[in-house]
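Shown next: query25.cif, containing mmCIF, C-alpha atoms.
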data_run
#
loop_
_atom_site.label_atom_id
_atom_site.label_comp_id
_atom_site.auth_asym_id
_atom_site.auth_seq_id
_atom_site.Cartn_x
_atom_site.Cartn_y
_atom_site.Cartn_z
CA MET A 167 39.88 71.04 74.47
CA TRP A 168 43.33 72.55 74.65
CA THR A 169 43.20 75.81 76.60
CA LEU A 170 45.67 78.63 76.94
CA ARG A 171 46.33 77.62 80.55
CA ARG A 172 47.20 74.05 79.52
CA SER A 173 49.43 75.35 76.74
CA LEU A 174 51.33 77.59 79.15
CA ALA A 175 51.69 74.77 81.67
CA PHE A 176 52.99 72.48 78.94
CA LEU A 177 55.52 75.10 77.79
CA LEU A 178 56.68 75.63 81.38
CA LEU A 179 57.24 71.91 81.88
CA LEU A 180 59.02 71.66 78.56
CA SER A 181 61.36 74.54 79.46
CA LEU A 182 62.13 73.01 82.87
CA ALA A 183 62.99 69.70 81.22
CA ALA A 184 65.49 71.50 78.98
CA CYS A 185 67.35 73.07 81.94
CA PRO A 186 70.75 71.69 82.85
CA PRO A 187 70.95 69.61 86.02
CA ALA A 188 71.18 71.58 89.24
CA THR A 189 74.17 69.56 90.46
CA ILE A 190 77.06 67.52 89.13
CA ARG A 191 76.59 64.95 91.89
CA PRO A 192 75.72 61.52 90.56
CA PRO A 193 72.28 60.04 91.22
CA PHE A 194 73.78 57.38 93.51
CA ARG A 195 75.20 57.54 97.03
CA PRO A 196 78.66 56.31 98.08
CA PHE A 197 79.16 52.67 98.97
CA PRO A 198 78.38 52.09 102.67
CA ASP A 199 81.94 50.99 103.49
CA ALA A 200 83.58 54.07 101.93
CA LEU A 201 86.02 56.05 104.06
CA ASN A 202 84.50 58.95 106.00
CA ALA A 203 85.34 61.70 108.47
CA GLU A 204 83.97 64.82 110.10
CA LEU A 205 86.24 67.78 109.36
CA LYS A 206 86.36 71.40 110.51
CA GLY A 207 85.79 73.59 107.49
CA GLU A 208 83.22 74.26 104.82
CA PRO A 209 82.54 71.78 101.98
CA PRO A 210 83.94 73.98 99.16
CA ALA A 211 87.30 74.35 100.93
CA VAL A 212 87.46 70.64 101.75
CA ILE A 213 86.64 69.62 98.17
CA GLU A 214 89.24 72.04 96.77
CA GLU A 215 91.91 70.58 99.07
CA ALA A 216 90.88 67.00 98.15
CA ARG A 217 91.27 67.95 94.50
CA ARG A 218 94.73 69.40 95.14
CA LEU A 219 95.82 66.26 97.00
CA LEU A 220 94.57 63.92 94.27
CA VAL A 221 96.28 65.93 91.53
CA ALA A 222 99.50 65.78 93.56
CA GLU A 223 99.13 61.97 93.53
CA GLY A 224 98.85 62.03 89.72
CA ALA A 225 95.07 61.67 89.42
CA ALA A 226 93.13 63.93 87.05
CA THR A 227 89.73 65.39 87.85
CA ALA A 228 86.74 64.33 85.75
CA TRP A 229 84.07 66.22 87.74
CA PHE A 230 84.57 68.90 90.36
CA SER A 231 82.36 71.45 92.12
CA GLY A 232 83.08 73.06 95.46
CA GLN A 233 79.55 74.45 95.51
CA ASP A 234 78.08 70.97 95.06
CA GLY A 235 80.60 69.41 97.42
CA TYR A 236 81.59 66.73 94.93
CA LEU A 237 84.72 65.54 93.19
CA GLU A 238 85.28 62.58 90.89
CA SER A 239 88.60 61.58 89.39
CA GLN A 240 89.21 60.05 86.02
CA TRP A 241 90.29 56.42 86.05
CA PHE A 242 93.74 56.33 87.61
CA ASN A 243 96.36 53.58 87.41
CA VAL A 244 97.74 53.26 90.94
CA LEU A 245 100.79 51.32 89.71
CA THR A 246 101.93 53.68 86.94
CA LYS A 247 100.50 56.86 88.58
CA GLN A 248 98.84 57.88 85.32
CA ALA A 249 95.30 59.06 84.73
CA GLY A 250 93.41 57.94 81.67
CA ARG A 251 90.80 55.54 80.45
CA TRP A 252 90.12 52.26 82.20
CA GLU A 253 91.91 49.40 80.46
CA PRO A 254 90.98 45.73 80.63
CA ALA A 255 94.63 44.70 80.99
CA ASN A 256 95.27 44.51 84.74
CA PRO A 257 91.88 46.01 85.75
CA ASP A 258 92.71 45.87 89.47
CA SER A 259 95.28 48.64 89.06
CA TRP A 260 92.68 51.13 87.72
CA VAL A 261 90.70 53.06 90.33
CA ARG A 262 88.32 56.00 90.45
CA VAL A 263 88.09 58.29 93.49
CA ARG A 264 84.87 60.04 94.46
CA VAL A 265 84.54 62.55 97.28
CA TRP A 266 81.29 63.84 98.75
CA ALA A 267 81.49 66.81 101.15
CA ASP A 268 78.20 67.43 102.92
CA PRO A 269 77.44 70.20 105.42
CA GLY A 270 77.57 68.92 108.97
CA PRO A 271 77.22 70.76 112.26
CA PRO A 272 78.00 74.49 111.90
CA GLY A 273 81.51 74.96 110.50
CA LYS A 274 82.01 71.25 109.79
CA THR A 275 81.91 68.96 106.80
CA LEU A 276 80.89 65.32 106.66
CA LEU A 277 83.28 63.83 104.13
CA THR A 278 82.88 60.52 102.32
CA LEU A 279 85.70 59.25 100.11
CA GLU A 280 85.31 56.11 98.03
CA VAL A 281 87.91 54.43 95.87
CA VAL A 282 86.47 51.94 93.41
CA TYR A 283 87.76 49.53 90.79
CA LYS A 284 85.98 47.79 87.94
CA PRO A 285 87.07 44.16 87.48
CA LEU A 286 85.48 43.79 84.03
CA ASP A 287 83.80 45.75 81.28
CA ASP A 288 80.25 45.00 80.21
CA PRO A 289 78.74 47.61 77.88
CA SER A 290 75.27 46.20 78.52
CA ARG A 291 75.41 47.27 82.19
CA HIS A 292 75.70 50.67 83.82
CA GLU A 293 79.29 51.31 84.88
CA ARG A 294 78.31 51.87 88.55
CA ASP A 295 76.86 48.35 88.67
CA LEU A 296 80.33 46.97 87.85
CA GLU A 297 82.26 48.99 90.44
CA HIS A 298 83.47 47.68 93.80
CA ASN A 299 85.22 49.34 96.71
CA VAL A 300 88.90 48.53 96.73
CA PRO A 301 89.73 46.22 99.65
CA PRO A 302 92.06 47.20 102.51
CA GLY A 303 95.66 46.66 101.49
CA HIS A 304 94.99 47.55 97.84
CA ALA A 305 97.13 50.42 96.49
CA GLY A 306 93.92 52.38 95.80
CA TYR A 307 92.82 51.93 99.41
CA GLU A 308 96.16 53.30 100.57
CA LEU A 309 95.72 56.27 98.22
CA GLY A 310 92.34 56.97 99.81
CA ARG A 311 93.80 56.70 103.31
CA ARG A 312 96.64 59.12 102.42
CA VAL A 313 94.23 61.69 101.02
CA LEU A 314 91.85 61.32 103.96
CA GLY A 315 94.75 61.55 106.43
CA ALA A 316 96.02 64.76 104.80
CA LEU A 317 92.50 66.21 104.89
CA ARG A 318 92.13 65.31 108.58
CA GLU A 319 95.47 67.00 109.30
CA LYS A 320 94.56 70.18 107.45
CA PHE A 321 90.98 70.46 108.73
CA LYS A 322 91.36 69.41 112.38
#

C-alpha cells encoding of this file:
Amino acid sequence: MWTLRRSLAFLLLLSLAACPPATIRPPFRPFPDALNAELKGEPPAVIEEARRLLVAEGAATAWFSGQDGYLESQWFNVLTKQAGRWEPANPDSWVRVRVWADPGPPGKTLLTLEVVYKPLDDPSRHERDLEHNVPPGHAGYELGRRVLGALREKFK
C-alpha cells in the first residue's frame, strides 16, 4: 500500500536526483605521480593564479572553480601553443592540465598538478582510462613544472 509518507519520501529523492552536482571536481583523483606542493595561501587564490598562469601559456580553461579548488584546461598543443580539441595527428603534443587545490594546515593549500596526454582515441572507453601522465622531459611536463614553479614563488 502506497502511503503519503512513502510518496513524500519518493518525491524528495526524486528532487535530490534532479539537483546539479555539488562540485565540478571529477569523480577521480589525480595520478599518484602528479606534481604536488604545499603552498601558503587559500585554495581559491591558488586556483585563480594557476588559471592565470595557464592562460598566459596559451591554454584555455574547460572547468574552473576557486570554491571547489579545481581547474581543468582544454586540450592544449604544447608545440603550437594552441588550445582546442585533441587531434589524432601527433597525439603526444596534446596535453590536458588539471589542478586540485585542497585545504591543508591553516593558511596553506595542498596543490596537485597533473599534465596528461592521450596516445590514442577509443570511443568505447572512458577518456580518463586512455590518459597517461606526461613523462619527465616532455614539453607538457616542462609546462607543469613552470606553472608549479611560478605558484611556489608567488605563494611561498

Which neighbours of Leu205 in chain A fall inside 10 Å, counting all atoms listed in the file, when residues of the same chain fewer than 2 positions from it are skipped, and could you give them as a ChimeraX atom specification? /A:202-203,207-209,212,267,269-271,273-277,317-322

Quick one: residues within 12 Å of Arg218 in chain A, all atoms listed in the file counted, chain neighbours fewer than 5 positions away excluded, as a PyMOL selection string? chain A and resi 211-213+223-227+230+237+239+313+316-317

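Every residue that the PyMOL selection byres ((chain A and resi 259) around 8) selects in this file is listed here: A:Phe242, A:Asn243, A:Val244, A:Leu245, A:Asn256, A:Pro257, A:Asp258, A:Trp260, A:Val261, A:Tyr283, A:Ala305, A:Gly306.
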
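Evaluated against this file, the PyMOL selection byres ((chain A and resi 235) around 7) yields Pro209, Pro210, Ile213, Ser231, Gly232, Gln233, Asp234, Tyr236, Trp266, Ala267 and Asp268 of chain A.
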
Selection as a ChimeraX atom specification: residues within 7 Å of (81.1, 61.9, 96.1), counting only C-alpha atoms: /A:191,196,236-238,264-266,278-279

Go ahead and compute the interatomic distance for CA of Lys284 in chain A and CA of Trp252 in chain A, in Å to one decimal. 8.4 Å

The PyMOL selection byres ((chain A and resi 288-295) around 12) resolved against shown file, as a ChimeraX atom specification: /A:192-197,252,254,262,282-287,296-299

Two-atom distance - CA of Ala200 in chain A, CA of Gln248 in chain A (Å): 22.9 Å
